[in-house]
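J.: Below you'll find the structure I mean.
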Amino acid sequence: MTDVAFYHLTRSPLEKALPKLLEKTLAAGKRAVVIAGSKERVEALATLLWTYDQDAWLPHGTAKDGSAEDQPIWLTVADENPNAATFLFLTEGADSAHTDDYERCFDLFDGNDADAVAAARERWTTRKAEGHAVTYWQQTETGGWERKG
């Protein structure tokens with residue numbers, strides 16, 4: 001059973017939330033796979049992880065970089081785990097048929113997009129029916145996270 005956490009982005013976009021969650025992932029000694037919606041988005045996220053904070057560094061790679069097994073964070077459009085990650089990040093409505101292969105799954109969705117919210121609700125129902133432990137997190141006014149329900 002995987003812990004699946006749904007992150008309802010209401011106050012900041014994915015570009016602000018994802019790097020912070022990945023920092024915590026690496027600080028915990030974990031590896032991550034991040035599945036994005038397109039190859040262009042993968043490259044944009046790769047650039048973001050180099051530039052989001054001049055005092056931070058998140059080692060990562062993409063298919064363009066190669067050597068997946070050496071990358072603590074792997075950015076991809078494919079439902080794959082080539083870096084033996086234990087944490088899975090789903091963005092922009094991406095989904096995985098292999099959620100149960102991970103220790104934790106983070107499903108980040110845009111709370112300002114009605115279609116994204118509806119799709120997240122469907123994924124919640126599916127994950128719960130599969131027997132995963134699901135939790136819901138909403139952004140607070142201060143930019144932190146609060147567990148709801």
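All residue names refer to the structure tokens as shown: chains lettered A, B, ... in order, residues numbered from 1 in each chain, ligands numbered from 1 in order.
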With only C-alpha atoms counted and 10 Å as the cut-off, give the residues of segment 14-47 of chain A in contact with segment 106-125 of chain A, each with its shortest interatomic distance in Å and the pair that gives it, as JSON lines.
T.:
{"residue": "A:Leu14", "atom": "CA", "partner": "A:Leu108", "partner_atom": "CA", "distance": 7.4}
{"residue": "A:Ala17", "atom": "CA", "partner": "A:Leu108", "partner_atom": "CA", "distance": 8.8}
{"residue": "A:Leu18", "atom": "CA", "partner": "A:Leu108", "partner_atom": "CA", "distance": 8.3}
{"residue": "A:Leu21", "atom": "CA", "partner": "A:Phe106", "partner_atom": "CA", "distance": 9.1}
{"residue": "A:Val34", "atom": "CA", "partner": "A:Phe106", "partner_atom": "CA", "distance": 9.3}
{"residue": "A:Ile35", "atom": "CA", "partner": "A:Asp107", "partner_atom": "CA", "distance": 10.0}
J.: List as JSON lines every residue of segment 34-100 of chain A that is in contact with segment 129-148 of chain A, defined as an atom at most 12 Å from one of its atoms (using only C-alpha atoms), together with the nearest atom pair and the distance in Å rounded to one decimal, sorted by chain and then rising number.
T.:
{"residue": "A:Ala97", "atom": "CA", "partner": "A:Glu130", "partner_atom": "CA", "distance": 11.1}
{"residue": "A:His98", "atom": "CA", "partner": "A:Glu130", "partner_atom": "CA", "distance": 11.4}
{"residue": "A:Thr99", "atom": "CA", "partner": "A:His132", "partner_atom": "CA", "distance": 9.0}
{"residue": "A:Asp100", "atom": "CA", "partner": "A:His132", "partner_atom": "CA", "distance": 7.9}
J.: Give me, please, the distance in Å between atom CA of Pro13 of chain A and atom CA of Pro59 of chain A, quoted to one decimal.
T.: 21.1 Å
J.: Quick one: residues within 9 Å of segment 80-88 of chain A, only C-alpha atoms, excluding same-chain residues fewer than 3 positions away - as number ranges by chain?
T.: A: 25, 30-35, 67-74, 76-77, 96, 98-99, 101-107
